[in-house]
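K.L.:
Contents are compact mmCIF, C-alpha atoms and all ligand atoms; file name model_25.txt:
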# COMPACT_ATOMS: atom_id res chain seq x y z
CA MET A 1 2.24 34.22 11.42
CA TYR A 2 0.82 32.33 8.43
CA LYS A 3 -2.86 32.53 7.53
CA ILE A 4 -4.24 29.29 6.16
CA ALA A 5 -7.70 28.99 4.62
CA VAL A 6 -9.08 25.53 5.33
CA LEU A 7 -11.65 24.22 2.85
CA PRO A 8 -12.61 20.62 3.63
CA GLY A 9 -15.26 20.46 0.87
CA ASP A 10 -17.20 17.27 0.22
CA GLY A 11 -17.06 13.53 0.81
CA ILE A 12 -13.82 12.38 2.40
CA GLY A 13 -12.55 15.99 2.27
CA ALA A 14 -14.13 16.57 5.66
CA GLU A 15 -12.19 13.60 7.08
CA ILE A 16 -8.74 14.06 5.57
CA VAL A 17 -8.32 17.82 5.97
CA PRO A 18 -8.43 17.75 9.80
CA GLU A 19 -5.60 15.20 9.72
CA ALA A 20 -3.44 17.55 7.63
CA VAL A 21 -4.29 20.39 10.03
CA LYS A 22 -3.11 18.11 12.85
CA ALA A 23 0.22 17.65 11.09
CA LEU A 24 0.57 21.41 10.59
CA LYS A 25 -0.24 22.04 14.25
CA ALA A 26 2.43 19.54 15.23
CA ILE A 27 4.91 21.41 13.02
CA ALA A 28 3.87 24.73 14.56
CA SER A 29 4.45 23.42 18.04
CA ARG A 30 7.76 21.74 17.23
CA PHE A 31 9.23 24.71 15.36
CA GLY A 32 7.52 27.57 17.16
CA HIS A 33 5.49 28.82 14.20
CA GLU A 34 2.06 30.34 14.36
CA PHE A 35 -0.51 29.10 11.86
CA GLN A 36 -3.93 30.70 11.88
CA PHE A 37 -6.56 28.35 10.43
CA THR A 38 -9.87 29.70 9.12
CA GLU A 39 -12.42 27.28 7.78
CA ALA A 40 -14.86 27.97 4.95
CA LEU A 41 -17.42 26.11 2.85
CA VAL A 42 -16.72 25.03 -0.71
CA GLY A 43 -18.23 22.62 -3.22
CA GLY A 44 -21.51 20.81 -2.65
CA ALA A 45 -21.29 21.58 1.06
CA ALA A 46 -21.33 25.30 0.19
CA TYR A 47 -24.10 24.86 -2.36
CA ASP A 48 -26.31 23.18 0.24
CA VAL A 49 -25.90 26.04 2.73
CA LYS A 50 -25.30 29.11 0.57
CA GLY A 51 -26.76 28.17 -2.81
CA HIS A 52 -23.39 28.41 -4.59
CA PRO A 53 -20.37 26.06 -4.58
CA LEU A 54 -17.93 28.99 -4.30
CA PRO A 55 -19.51 31.65 -2.08
CA ASP A 56 -17.95 35.13 -2.27
CA GLU A 57 -16.78 34.94 1.32
CA THR A 58 -14.90 31.72 0.62
CA LEU A 59 -13.09 33.23 -2.35
CA GLU A 60 -12.31 36.38 -0.35
CA LEU A 61 -10.95 34.32 2.54
CA CYS A 62 -8.66 32.47 0.11
CA GLN A 63 -7.46 35.72 -1.45
CA GLN A 64 -6.66 37.14 1.97
CA SER A 65 -4.83 34.05 3.21
CA ASP A 66 -1.22 33.01 2.70
CA ALA A 67 -2.22 29.55 1.49
CA VAL A 68 -5.27 27.35 1.00
CA LEU A 69 -5.67 23.77 2.18
CA LEU A 70 -8.41 22.04 0.21
CA GLY A 71 -9.89 18.58 0.71
CA ALA A 72 -11.99 17.45 -2.22
CA ILE A 73 -15.18 18.54 -3.86
CA GLY A 74 -18.11 17.05 -5.70
CA GLY A 75 -20.31 14.00 -5.37
CA PRO A 76 -23.37 12.30 -6.89
CA LYS A 77 -25.72 14.52 -4.90
CA TRP A 78 -24.70 17.56 -6.97
CA ASP A 79 -24.04 15.88 -10.33
CA ASN A 80 -27.32 16.92 -11.85
CA LEU A 81 -27.19 20.60 -10.98
CA PRO A 82 -26.91 23.09 -13.83
CA VAL A 83 -23.30 22.91 -14.96
CA GLU A 84 -22.25 26.30 -13.52
CA LEU A 85 -23.41 25.18 -10.06
CA ARG A 86 -21.70 21.81 -10.14
CA PRO A 87 -18.91 21.82 -7.56
CA GLU A 88 -16.11 21.08 -10.07
CA VAL A 89 -17.08 23.72 -12.60
CA GLY A 90 -18.62 26.18 -10.15
CA ALA A 91 -15.96 26.08 -7.46
CA LEU A 92 -12.72 24.28 -8.22
CA LEU A 93 -12.08 25.74 -11.67
CA PRO A 94 -12.94 29.34 -10.70
CA LEU A 95 -10.80 28.99 -7.59
CA ARG A 96 -7.84 27.93 -9.72
CA LYS A 97 -8.51 30.73 -12.20
CA GLU A 98 -9.16 33.52 -9.66
CA LEU A 99 -6.05 32.67 -7.69
CA ALA A 100 -4.05 32.47 -10.97
CA LEU A 101 -2.77 28.99 -10.14
CA PHE A 102 -1.34 28.10 -13.52
CA ALA A 103 1.14 25.52 -12.26
CA ASN A 104 0.01 22.27 -10.72
CA LEU A 105 2.78 20.15 -9.22
CA ARG A 106 2.18 16.47 -8.63
CA PRO A 107 5.26 14.69 -7.34
CA CYS A 108 5.18 10.97 -7.82
CA MET A 109 7.55 9.06 -5.63
CA LEU A 110 7.48 5.66 -4.13
CA PHE A 111 7.74 5.40 -0.38
CA PRO A 112 10.00 2.41 0.25
CA GLY A 113 7.46 0.78 2.57
CA LEU A 114 4.92 0.68 -0.26
CA LEU A 115 6.83 -1.38 -2.78
CA HIS A 116 4.22 -4.12 -2.57
CA ALA A 117 1.14 -1.91 -2.48
CA SER A 118 1.24 -1.09 -6.18
CA THR A 119 -0.39 -3.32 -8.75
CA LEU A 120 2.82 -2.97 -10.76
CA LYS A 121 5.89 -5.16 -10.41
CA GLU A 122 8.55 -4.21 -7.89
CA GLU A 123 11.30 -4.00 -10.51
CA VAL A 124 9.25 -1.50 -12.49
CA ILE A 125 8.49 0.91 -9.66
CA THR A 126 11.60 0.71 -7.48
CA GLY A 127 13.18 4.16 -7.33
CA VAL A 128 10.34 5.99 -9.09
CA ASP A 129 10.71 9.71 -8.43
CA PHE A 130 9.35 12.23 -10.87
CA LEU A 131 7.34 15.40 -10.88
CA VAL A 132 4.42 16.14 -13.18
CA ILE A 133 3.86 19.82 -13.86
CA ARG A 134 0.40 20.32 -15.24
CA GLU A 135 -0.79 23.58 -16.77
CA LEU A 136 -3.88 24.41 -14.73
CA THR A 137 -5.67 27.50 -15.97
CA GLY A 138 -5.95 26.96 -19.72
CA GLY A 139 -6.89 24.48 -22.39
CA LEU A 140 -10.14 22.56 -22.68
CA TYR A 141 -11.11 23.17 -19.06
CA PHE A 142 -11.51 26.89 -19.65
CA GLY A 143 -12.29 27.07 -23.37
CA GLU A 144 -15.63 28.24 -24.68
CA LYS A 145 -18.29 25.56 -24.60
CA SER A 146 -21.44 25.28 -26.60
CA ARG A 147 -24.28 23.04 -27.65
CA GLU A 148 -26.49 23.27 -30.67
CA LYS A 149 -29.20 21.18 -32.22
CA THR A 150 -28.44 19.48 -35.51
CA ALA A 151 -30.75 18.88 -38.46
CA ASP A 152 -30.88 15.12 -37.81
CA GLY A 153 -32.48 15.75 -34.41
CA GLY A 154 -29.27 15.21 -32.48
CA GLN A 155 -26.94 17.77 -30.94
CA LYS A 156 -23.46 19.10 -31.47
CA ALA A 157 -21.23 19.95 -28.51
CA THR A 158 -18.02 21.97 -28.69
CA ASP A 159 -15.18 22.58 -26.22
CA MET A 160 -12.58 25.04 -27.45
CA LEU A 161 -8.95 24.08 -26.93
CA THR A 162 -6.76 27.18 -26.91
CA TYR A 163 -3.21 27.84 -25.74
CA SER A 164 -1.19 30.99 -26.31
CA THR A 165 2.58 31.25 -26.52
CA TYR A 166 2.47 33.24 -23.28
CA GLU A 167 0.62 30.50 -21.39
CA ILE A 168 2.94 27.80 -22.70
CA GLU A 169 6.13 29.75 -22.00
CA ARG A 170 5.04 30.52 -18.47
CA ILE A 171 4.47 26.89 -17.46
CA VAL A 172 7.42 25.54 -19.42
CA ARG A 173 9.86 28.01 -17.85
CA PHE A 174 8.51 27.00 -14.49
CA ALA A 175 9.15 23.36 -15.38
CA TYR A 176 12.70 24.09 -16.55
CA GLN A 177 13.45 25.78 -13.25
CA ALA A 178 12.06 22.78 -11.38
CA ALA A 179 14.18 20.44 -13.53
CA GLN A 180 17.30 22.49 -12.79
CA LYS A 181 16.78 21.73 -9.11
CA ARG A 182 16.33 18.01 -9.78
CA ARG A 183 17.99 15.59 -12.20
CA LYS A 184 17.88 18.11 -15.06
CA LYS A 185 15.63 16.17 -17.41
CA LEU A 186 12.47 17.65 -18.86
CA CYS A 187 9.97 15.64 -20.87
CA SER A 188 7.32 17.73 -22.60
CA VAL A 189 4.17 15.78 -23.36
CA ASP A 190 1.84 16.73 -26.21
CA LYS A 191 -0.11 15.37 -29.15
CA ALA A 192 1.69 17.41 -31.80
CA ASN A 193 1.05 14.81 -34.49
CA VAL A 194 -2.65 15.71 -34.43
CA ILE A 195 -3.54 18.77 -32.34
CA GLU A 196 -2.66 22.35 -33.31
CA THR A 197 -2.24 23.66 -29.74
CA SER A 198 0.19 20.79 -29.22
CA ARG A 199 2.20 21.88 -32.24
CA LEU A 200 2.49 25.38 -30.80
CA TRP A 201 3.36 23.79 -27.47
CA ARG A 202 6.18 21.74 -28.99
CA GLU A 203 7.57 24.68 -30.99
CA THR A 204 7.56 26.84 -27.88
CA VAL A 205 9.34 24.19 -25.81
CA THR A 206 11.91 23.74 -28.56
CA ASP A 207 12.59 27.49 -28.61
CA LEU A 208 12.87 27.70 -24.83
CA SER A 209 15.11 24.66 -24.60
CA LYS A 210 17.95 26.80 -26.00
CA GLU A 211 17.81 28.95 -22.87
CA TYR A 212 18.24 25.90 -20.65
CA PRO A 213 21.18 23.99 -22.15
CA ASP A 214 21.89 22.40 -18.77
CA VAL A 215 18.56 20.56 -18.93
CA GLU A 216 18.02 17.63 -21.30
CA THR A 217 14.76 18.23 -23.19
CA THR A 218 12.69 15.47 -24.74
CA HIS A 219 9.25 15.44 -26.34
CA MET A 220 6.75 12.62 -26.04
CA TYR A 221 3.26 12.07 -27.41
CA VAL A 222 0.71 11.69 -24.67
CA ASP A 223 -0.39 8.21 -25.75
CA ASN A 224 3.19 7.01 -25.66
CA CYS A 225 3.70 8.72 -22.30
CA SER A 226 0.76 6.88 -20.79
CA MET A 227 2.42 3.64 -21.87
CA GLN A 228 5.94 4.66 -20.76
CA LEU A 229 4.63 5.56 -17.31
CA ILE A 230 3.90 1.94 -16.59
CA ARG A 231 6.58 0.42 -18.82
CA ASN A 232 9.57 2.31 -17.44
CA PRO A 233 8.60 5.13 -15.07
CA ARG A 234 12.17 5.65 -13.84
CA GLN A 235 13.04 7.35 -17.14
CA PHE A 236 11.15 10.46 -16.00
CA ASP A 237 12.40 13.37 -13.92
CA VAL A 238 10.10 16.31 -14.75
CA ILE A 239 7.12 15.98 -17.06
CA VAL A 240 5.41 19.15 -18.27
CA THR A 241 2.08 19.02 -20.03
CA GLU A 242 -1.20 20.80 -20.70
CA ASN A 243 -4.25 20.71 -18.48
CA THR A 244 -6.25 17.74 -19.75
CA PHE A 245 -3.28 15.49 -20.45
CA GLY A 246 -1.92 16.31 -16.99
CA ASP A 247 -5.20 15.38 -15.37
CA ILE A 248 -5.25 11.98 -16.99
CA LEU A 249 -1.56 11.15 -16.66
CA THR A 250 -1.45 11.99 -12.95
CA ASP A 251 -4.25 9.58 -12.09
CA GLU A 252 -2.26 6.94 -13.92
CA ALA A 253 0.98 7.99 -12.23
CA SER A 254 -0.60 7.75 -8.79
CA MET A 255 -0.87 3.99 -9.19
CA LEU A 256 2.92 3.76 -9.26
CA THR A 257 2.92 4.94 -5.66
CA GLY A 258 0.53 2.23 -4.58
CA SER A 259 -2.60 4.30 -4.16
CA ILE A 260 -4.12 7.52 -5.37
CA GLY A 261 -4.39 8.25 -1.66
CA MET A 262 -0.64 8.95 -1.69
CA LEU A 263 -0.42 11.64 -4.38
CA PRO A 264 -0.27 15.22 -3.11
CA SER A 265 -0.52 18.36 -5.19
CA ALA A 266 0.39 22.01 -5.08
CA SER A 267 -1.18 24.62 -7.31
CA ILE A 268 0.91 27.73 -7.49
CA GLY A 269 1.75 30.68 -9.68
CA GLY A 270 -0.33 33.41 -8.03
CA GLU A 271 0.14 35.10 -4.69
CA VAL A 272 -1.71 32.41 -2.76
CA GLY A 273 -0.94 28.73 -3.24
CA LEU A 274 -3.55 25.99 -3.04
CA TYR A 275 -2.74 22.54 -1.71
CA GLU A 276 -4.95 19.54 -2.15
CA PRO A 277 -4.65 15.79 -2.67
CA SER A 278 -4.77 14.72 -6.32
CA HIS A 279 -7.71 12.45 -5.64
CA GLY A 280 -11.40 13.24 -5.51
CA SER A 281 -14.08 13.18 -2.81
CA ALA A 282 -14.59 9.39 -2.91
CA PRO A 283 -18.30 9.42 -1.95
CA ASP A 284 -18.29 5.61 -1.82
CA ILE A 285 -16.15 5.57 1.33
CA ALA A 286 -17.08 8.96 2.79
CA GLY A 287 -18.00 9.10 6.46
CA GLN A 288 -16.44 5.73 7.26
CA LYS A 289 -12.98 6.82 8.40
CA LYS A 290 -11.49 4.65 5.65
CA ALA A 291 -9.88 7.44 3.64
CA ASN A 292 -6.13 7.74 3.44
CA PRO A 293 -5.14 11.21 4.74
CA LEU A 294 -1.52 10.94 3.58
CA ALA A 295 -1.96 12.71 0.21
CA THR A 296 -3.45 15.67 2.07
CA ILE A 297 -0.78 15.57 4.77
CA LEU A 298 1.88 15.51 2.05
CA SER A 299 0.11 18.43 0.36
CA ALA A 300 0.48 20.34 3.62
CA ALA A 301 4.21 19.61 3.42
CA MET A 302 4.20 21.14 -0.06
CA MET A 303 2.48 24.22 1.40
CA LEU A 304 5.32 24.63 3.89
CA ARG A 305 7.85 24.27 1.09
CA PHE A 306 6.32 26.39 -1.66
CA SER A 307 4.21 28.99 0.12
CA PHE A 308 6.18 29.51 3.32
CA ASP A 309 9.66 28.49 2.23
CA LEU A 310 9.92 26.17 5.25
CA GLU A 311 11.94 23.38 3.65
CA GLU A 312 13.08 21.70 6.84
CA GLU A 313 9.54 21.61 8.22
CA ALA A 314 8.28 20.14 4.93
CA ARG A 315 10.86 17.39 5.15
CA VAL A 316 9.91 16.61 8.72
CA ILE A 317 6.35 15.84 7.56
CA GLU A 318 7.60 13.71 4.66
CA GLN A 319 9.97 11.87 6.95
CA ALA A 320 7.17 11.24 9.46
CA VAL A 321 5.03 9.71 6.69
CA THR A 322 7.96 7.57 5.56
CA GLU A 323 8.54 6.26 9.06
CA VAL A 324 4.90 5.52 9.74
CA LEU A 325 4.72 3.47 6.53
CA GLU A 326 8.01 1.74 7.26
CA ALA A 327 6.65 0.79 10.67
CA GLY A 328 3.89 -1.09 8.82
CA TYR A 329 0.89 1.17 9.45
CA ARG A 330 -1.64 1.28 6.64
CA THR A 331 -5.01 2.72 5.74
CA PRO A 332 -7.39 0.32 3.95
CA ASP A 333 -6.34 1.41 0.44
CA LEU A 334 -2.77 0.28 1.18
CA MET A 335 -3.53 -2.71 3.36
CA GLU A 336 -1.66 -5.97 2.84
CA GLU A 337 -1.23 -9.05 4.94
CA GLY A 338 0.92 -8.59 8.00
CA LYS A 339 0.44 -4.83 8.17
CA LYS A 340 -1.33 -2.84 10.83
CA LEU A 341 -4.63 -1.32 9.79
CA LEU A 342 -5.42 2.24 10.86
CA ASN A 343 -8.43 4.41 10.19
CA THR A 344 -8.18 7.98 8.93
CA VAL A 345 -7.94 9.56 12.38
CA GLN A 346 -5.47 7.02 13.72
CA MET A 347 -3.21 7.56 10.71
CA GLY A 348 -3.36 11.33 11.24
CA ASP A 349 -2.54 10.90 14.93
CA MET A 350 0.34 8.59 14.12
CA VAL A 351 1.92 11.11 11.72
CA ALA A 352 1.41 14.03 14.13
CA ASP A 353 2.99 12.02 16.95
CA LYS A 354 5.98 11.22 14.74
CA ILE A 355 6.40 14.89 13.93
CA LEU A 356 6.37 15.67 17.64
CA GLY A 357 8.82 12.87 18.37
CA LEU A 358 6.29 11.07 20.56
CA ARG A 359 6.65 7.78 18.67
C1 LIG B 401 -7.98 16.91 -10.46
C2 LIG B 401 -9.44 16.60 -10.55
C3 LIG B 401 -10.18 17.79 -11.12
C4 LIG B 401 -9.58 18.09 -12.47
C5 LIG B 401 -11.71 17.61 -11.21
C6 LIG B 401 -12.31 17.32 -9.87
C7 LIG B 401 -12.38 18.79 -11.86
O1 LIG B 401 -9.65 15.45 -11.31
O2 LIG B 401 -7.62 17.86 -9.74
O3 LIG B 401 -7.19 16.20 -11.08
O4 LIG B 401 -9.98 17.48 -13.48
O5 LIG B 401 -8.71 18.96 -12.55
MG MG B 402 -7.86 14.47 -11.93
Take the structure in the file and write it out as structure tokens.
Ligand code: IPM
Ligand code: MG
P.N.:
Amino acid sequence: MYKIAVLPGDGIGAEIVPEAVKALKAIASRFGHEFQFTEALVGGAAYDVKGHPLPDETLELCQQSDAVLLGAIGGPKWDNLPVELRPEVGALLPLRKELALFANLRPCMLFPGLLHASTLKEEVITGVDFLVIRELTGGLYFGEKSREKTADGGQKATDMLTYSTYEIERIVRFAYQAAQKRRKKLCSVDKANVIETSRLWRETVTDLSKEYPDVETTHMYVDNCSMQLIRNPRQFDVIVTENTFGDILTDEASMLTGSIGMLPSASIGGEVGLYEPSHGSAPDIAGQKKANPLATILSAAMMLRFSFDLEEEARVIEQAVTEVLEAGYRTPDLMEEGKKLLNTVQMGDMVADKILGLR
């Protein structure tokens, strides 16, 4: 039996998470597994009820589960709270830190049915298939922060950017191992021409590269990488980078797949893995059944693969998504002429039915 903590969170989180649960239930029934789902509050939804975006009981539930399925958190309603109570800083970052989730995996691949959904040209995105590995518990996100008043009546704000050899080695080794299972190419992204942590990053990667002679190692500055991602994304197999760069590059990368609603993510490294779509809570479309649940459903597939070692089951979910898209079904974010429009729930039902072999 696998214990899954279910944290829908805010905005569209409450709409997309049930669709991923549906897919997992379909898997359980097809393969005879038992998944025990326990729901808890997180983010603004938790703040409204409990006064804190990450209540103790939510964190404890996560720690006692085998994996966590998270929707999205945050929204304009909570943007003006004191910073430590804001959903992002008060819940998501501590959750990542407490669960020791130092490795964030964001696979970027184009589903064949979506060739025309991207804003980029077909010849650029055909065959795109790479994995971004983002360091998730260090860097600017977790560095000391401060504000002080300056003599001219203004202020000075500081965010400390720190990385240790240990933190870099840990994520880079992880990335090498991932590359060994793929096309054996690792591109390390930094800003070593300017930033000191990036220089340590590059030196550390260079040292480690000797231990992985079977993997081709390259280094790229982050500004160049952001250009290369849309110029020639097929050059990439595995990209490894620090927290902030990884955040920015993965939003960009999501557009290669047609929609940010397609990009799943897995955060692992500790005992309990956390699975969530790469996108946010999209307050502008919340409550309208317009959200694309596929990134969350694909995150559930990653849970099966990385937390439960159920590779075949993971592939069944991915295959179901592929077939639903190939059959022309689309949520609004992916809609084009001649396709069949589905709302969030209908898309979830369609995928679950595919998993069960009902369609
Ligand atoms: C992400 C998100 C988060 C991040 C936000 C919500 C804090 O953008 O998971 O990419 O910056 O890590
Ligand atoms: Mg982001």
K.L.:
Within 7 Å of ligand MG 402 (chain B), counting only C-alpha atoms and all ligand atoms, which protein or nucleic acid residues do you find, written as an MDAnalysis selection string?
P.N.:
chainID A and resid 247:248 250:251 278:279
K.L.:
What residues of the protein or nucleic acid chains come within 10 Å of ligand LIG 401 (chain B) when you use all atoms listed in the file? Reply as an mmCIF file with C-alpha atoms, in the frame of the given file.
P.N.:
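The result, written out as part.cif:
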data_model
loop_
_atom_site.group_PDB
_atom_site.id
_atom_site.type_symbol
_atom_site.label_atom_id
_atom_site.label_comp_id
_atom_site.auth_asym_id
_atom_site.auth_seq_id
_atom_site.Cartn_x
_atom_site.Cartn_y
_atom_site.Cartn_z
ATOM 1 C CA ALA A 72 -11.990 17.450 -2.220
ATOM 2 C CA ILE A 73 -15.180 18.540 -3.860
ATOM 3 C CA GLY A 74 -18.110 17.050 -5.700
ATOM 4 C CA GLY A 75 -20.310 14.000 -5.370
ATOM 5 C CA ARG A 86 -21.700 21.810 -10.140
ATOM 6 C CA PRO A 87 -18.910 21.820 -7.560
ATOM 7 C CA GLU A 88 -16.110 21.080 -10.070
ATOM 8 C CA VAL A 89 -17.080 23.720 -12.600
ATOM 9 C CA GLY A 90 -18.620 26.180 -10.150
ATOM 10 C CA ALA A 91 -15.960 26.080 -7.460
ATOM 11 C CA LEU A 92 -12.720 24.280 -8.220
ATOM 12 C CA LEU A 93 -12.080 25.740 -11.670
ATOM 13 C CA ARG A 96 -7.840 27.930 -9.720
ATOM 14 C CA ASN A 104 0.010 22.270 -10.720
ATOM 15 C CA ARG A 106 2.180 16.470 -8.630
ATOM 16 C CA ARG A 134 0.400 20.320 -15.240
ATOM 17 C CA LEU A 136 -3.880 24.410 -14.730
ATOM 18 C CA THR A 137 -5.670 27.500 -15.970
ATOM 19 C CA TYR A 141 -11.110 23.170 -19.060
ATOM 20 C CA ASN A 243 -4.250 20.710 -18.480
ATOM 21 C CA THR A 244 -6.250 17.740 -19.750
ATOM 22 C CA PHE A 245 -3.280 15.490 -20.450
ATOM 23 C CA GLY A 246 -1.920 16.310 -16.990
ATOM 24 C CA ASP A 247 -5.200 15.380 -15.370
ATOM 25 C CA ILE A 248 -5.250 11.980 -16.990
ATOM 26 C CA LEU A 249 -1.560 11.150 -16.660
ATOM 27 C CA THR A 250 -1.450 11.990 -12.950
ATOM 28 C CA ASP A 251 -4.250 9.580 -12.090
ATOM 29 C CA SER A 265 -0.520 18.360 -5.190
ATOM 30 C CA SER A 267 -1.180 24.620 -7.310
ATOM 31 C CA GLU A 276 -4.950 19.540 -2.150
ATOM 32 C CA PRO A 277 -4.650 15.790 -2.670
ATOM 33 C CA SER A 278 -4.770 14.720 -6.320
ATOM 34 C CA HIS A 279 -7.710 12.450 -5.640
ATOM 35 C CA GLY A 280 -11.400 13.240 -5.510
ATOM 36 C CA SER A 281 -14.080 13.180 -2.810
#
K.L.:
Point out the residue among A:Asp129, A:Glu34, A:Asp10, A:Glu271 with the least atom-to-atom distance to Lys77 (chain A), counting all atoms listed in the file.
P.N.:
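Closest residue, counting all atoms listed in the file: A:Asp10.
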K.L.:
Could you state the separation of CA of Gly357 (chain A) and CA of Thr296 (chain A) in Å, given to one decimal place?
P.N.:
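Computing the Euclidean distance for CA of Gly357 (chain A) and CA of Thr296 (chain A) yields 20.6 Å.
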K.L.:
Have a look at CA of Arg234 (chain A) and CA of Ile297 (chain A) and let me know their distance in Å, one decimal.
P.N.:
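CA of Ile297 (chain A) lies 24.7 Å from CA of Arg234 (chain A).
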K.L.:
Point out the residue among A:Lys145, A:Val238, A:Leu99, A:Cys225 with the least atom-to-atom distance to Ala157 (chain A), counting all atoms listed in the file.
P.N.:
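For Ala157 (chain A), the nearest of the candidates is A:Lys145.
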K.L.:
Calculated over only C-alpha atoms, which of the candidates A:Asp284, A:Glu57, A:Asp353, A:Glu15 has the smallest distance to Ala320 (chain A)?
P.N.:
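When distances to Ala320 (chain A) are compared using only C-alpha atoms, the smallest one comes from A:Asp353.
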K.L.:
Determine, counting only C-alpha atoms, every residue of protein, DNA or RNA that lies within 7 Å of (-15.1, 13.2, 8.3) in the file coordinates, then give the result as a PyMOL selection string.
P.N.:
chain A and resi 12+14-16+287+289
K.L.:
Name all residues at most 10 Å from Glu312 (chain A) (count all atoms listed in the file; drop same-chain ones fewer than 6 positions away) and give them as number ranges by chain.
P.N.:
A: 31, 301, 304-305, 318
K.L.:
Write the residues of the preceding selection, restricted to C-alpha atoms, as a PDB file, in the frame of the given file.
P.N.:
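Final output, saved to result.pdb:
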ATOM      1  CA  PHE A  31       9.230  24.710  15.360  1.00  0.00           C
ATOM      2  CA  ALA A 301       4.210  19.610   3.420  1.00  0.00           C
ATOM      3  CA  LEU A 304       5.320  24.630   3.890  1.00  0.00           C
ATOM      4  CA  ARG A 305       7.850  24.270   1.090  1.00  0.00           C
ATOM      5  CA  GLU A 318       7.600  13.710   4.660  1.00  0.00           C
TER       6      GLU A 318
END
K.L.:
Given only C-alpha atoms as the basis, pick out the residue of A:Ile133, A:Ile239, A:Val194, A:Leu325 nearest to Met262 (chain A).
P.N.:
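Closest candidate: A:Leu325.
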K.L.:
Mind giving me the straight-line distance from CA of Thr150 (chain A) to CA of Asp79 (chain A) in Å, one decimal?
P.N.:
25.8 Å
K.L.:
Nearest to Ser307 (chain A): which of A:Gln180, A:Ser65, A:Thr38, A:Asn292 is it, counting only C-alpha atoms?
P.N.:
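Result for the nearest residue to Ser307 (chain A): A:Ser65.
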K.L.:
Using the file's own x, y and z axes, so that the box edges lie along x, y and z, what centre and edge lengths in Å (one decimal) does a box around every listed atom of region 25-34 of chain A get when 4 Å is added on each side? Give it as AutoDock Vina command-line options.
P.N.:
--center_x 4.5 --center_y 24.9 --center_z 15.5 --size_x 17.5 --size_y 18.8 --size_z 13.0
K.L.:
Each residue of region 266-298 of chain A lying at most 12 Å from region 108-127 of chain A should get a row with its shortest atom-to-atom pair and the distance in Å to one decimal, counting all atoms listed in the file; could you produce that, ordered by chain and increasing number, as a tab-separated table?
P.N.:
residue	atom	partner	partner_atom	distance
A:Ser278	CA	A:Cys108	CA	10.7
A:Leu294	CA	A:Phe111	CA	11.5
A:Ala295	CA	A:Cys108	CA	10.9
A:Leu298	CA	A:Cys108	CA	11.4
K.L.:
Would you list the contacts of Asp190 (chain A) as an NGL selection string, taking every protein, DNA or RNA residue within 12 Å and counting only C-alpha atoms, but skipping same-chain residues closer than 6 positions in sequence?
P.N.:
:A and (134-135 or 168 or 196-205 or 218-226 or 239-246 or 249)
K.L.:
Pick out the residues sitting within 12 Å of Lys339 (chain A), and hand them over as a PDB file with C-alpha atoms, keeping the file's coordinate frame; count all atoms listed in the file, and ignore anything fewer than 3 positions along from it in its own chain.
P.N.:
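around_24.pdb was written with the following content:
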ATOM      1  CA  GLY A 113       7.460   0.780   2.570  1.00  0.00           C
ATOM      2  CA  LEU A 114       4.920   0.680  -0.260  1.00  0.00           C
ATOM      3  CA  HIS A 116       4.220  -4.120  -2.570  1.00  0.00           C
ATOM      4  CA  ALA A 117       1.140  -1.910  -2.480  1.00  0.00           C
ATOM      5  CA  VAL A 324       4.900   5.520   9.740  1.00  0.00           C
ATOM      6  CA  LEU A 325       4.720   3.470   6.530  1.00  0.00           C
ATOM      7  CA  GLU A 326       8.010   1.740   7.260  1.00  0.00           C
ATOM      8  CA  ALA A 327       6.650   0.790  10.670  1.00  0.00           C
ATOM      9  CA  GLY A 328       3.890  -1.090   8.820  1.00  0.00           C
ATOM     10  CA  TYR A 329       0.890   1.170   9.450  1.00  0.00           C
ATOM     11  CA  ARG A 330      -1.640   1.280   6.640  1.00  0.00           C
ATOM     12  CA  THR A 331      -5.010   2.720   5.740  1.00  0.00           C
ATOM     13  CA  PRO A 332      -7.390   0.320   3.950  1.00  0.00           C
ATOM     14  CA  LEU A 334      -2.770   0.280   1.180  1.00  0.00           C
ATOM     15  CA  MET A 335      -3.530  -2.710   3.360  1.00  0.00           C
ATOM     16  CA  GLU A 336      -1.660  -5.970   2.840  1.00  0.00           C
ATOM     17  CA  LEU A 342      -5.420   2.240  10.860  1.00  0.00           C
TER      18      LEU A 342
END
K.L.:
Considering all atoms listed in the file, can you say which of A:Leu101, A:Met227, A:Ala352, A:Ala45 comes closest to Leu85 (chain A)?
P.N.:
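Among A:Leu101, A:Met227, A:Ala352, A:Ala45, it is A:Ala45 that comes nearest to Leu85 (chain A).
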K.L.:
Can you pull out the residues contacting Asp66 (chain A)? Cut-off 9 Å, using all atoms listed in the file, and skip same-chain residues under 6 positions away; I want them as a VMD selection string.
P.N.:
chain A and resid 2 to 5 271 to 273 307 to 308
K.L.:
May I have the residues from that selection written out with C-alpha atoms, as a tab-separated table (two decimals), in the coordinates of the input?
P.N.:
chain	number	residue	atom	x	y	z
A	2	TYR	CA	0.82	32.33	8.43
A	3	LYS	CA	-2.86	32.53	7.53
A	4	ILE	CA	-4.24	29.29	6.16
A	5	ALA	CA	-7.70	28.99	4.62
A	271	GLU	CA	0.14	35.10	-4.69
A	272	VAL	CA	-1.71	32.41	-2.76
A	273	GLY	CA	-0.94	28.73	-3.24
A	307	SER	CA	4.21	28.99	0.12
A	308	PHE	CA	6.18	29.51	3.32
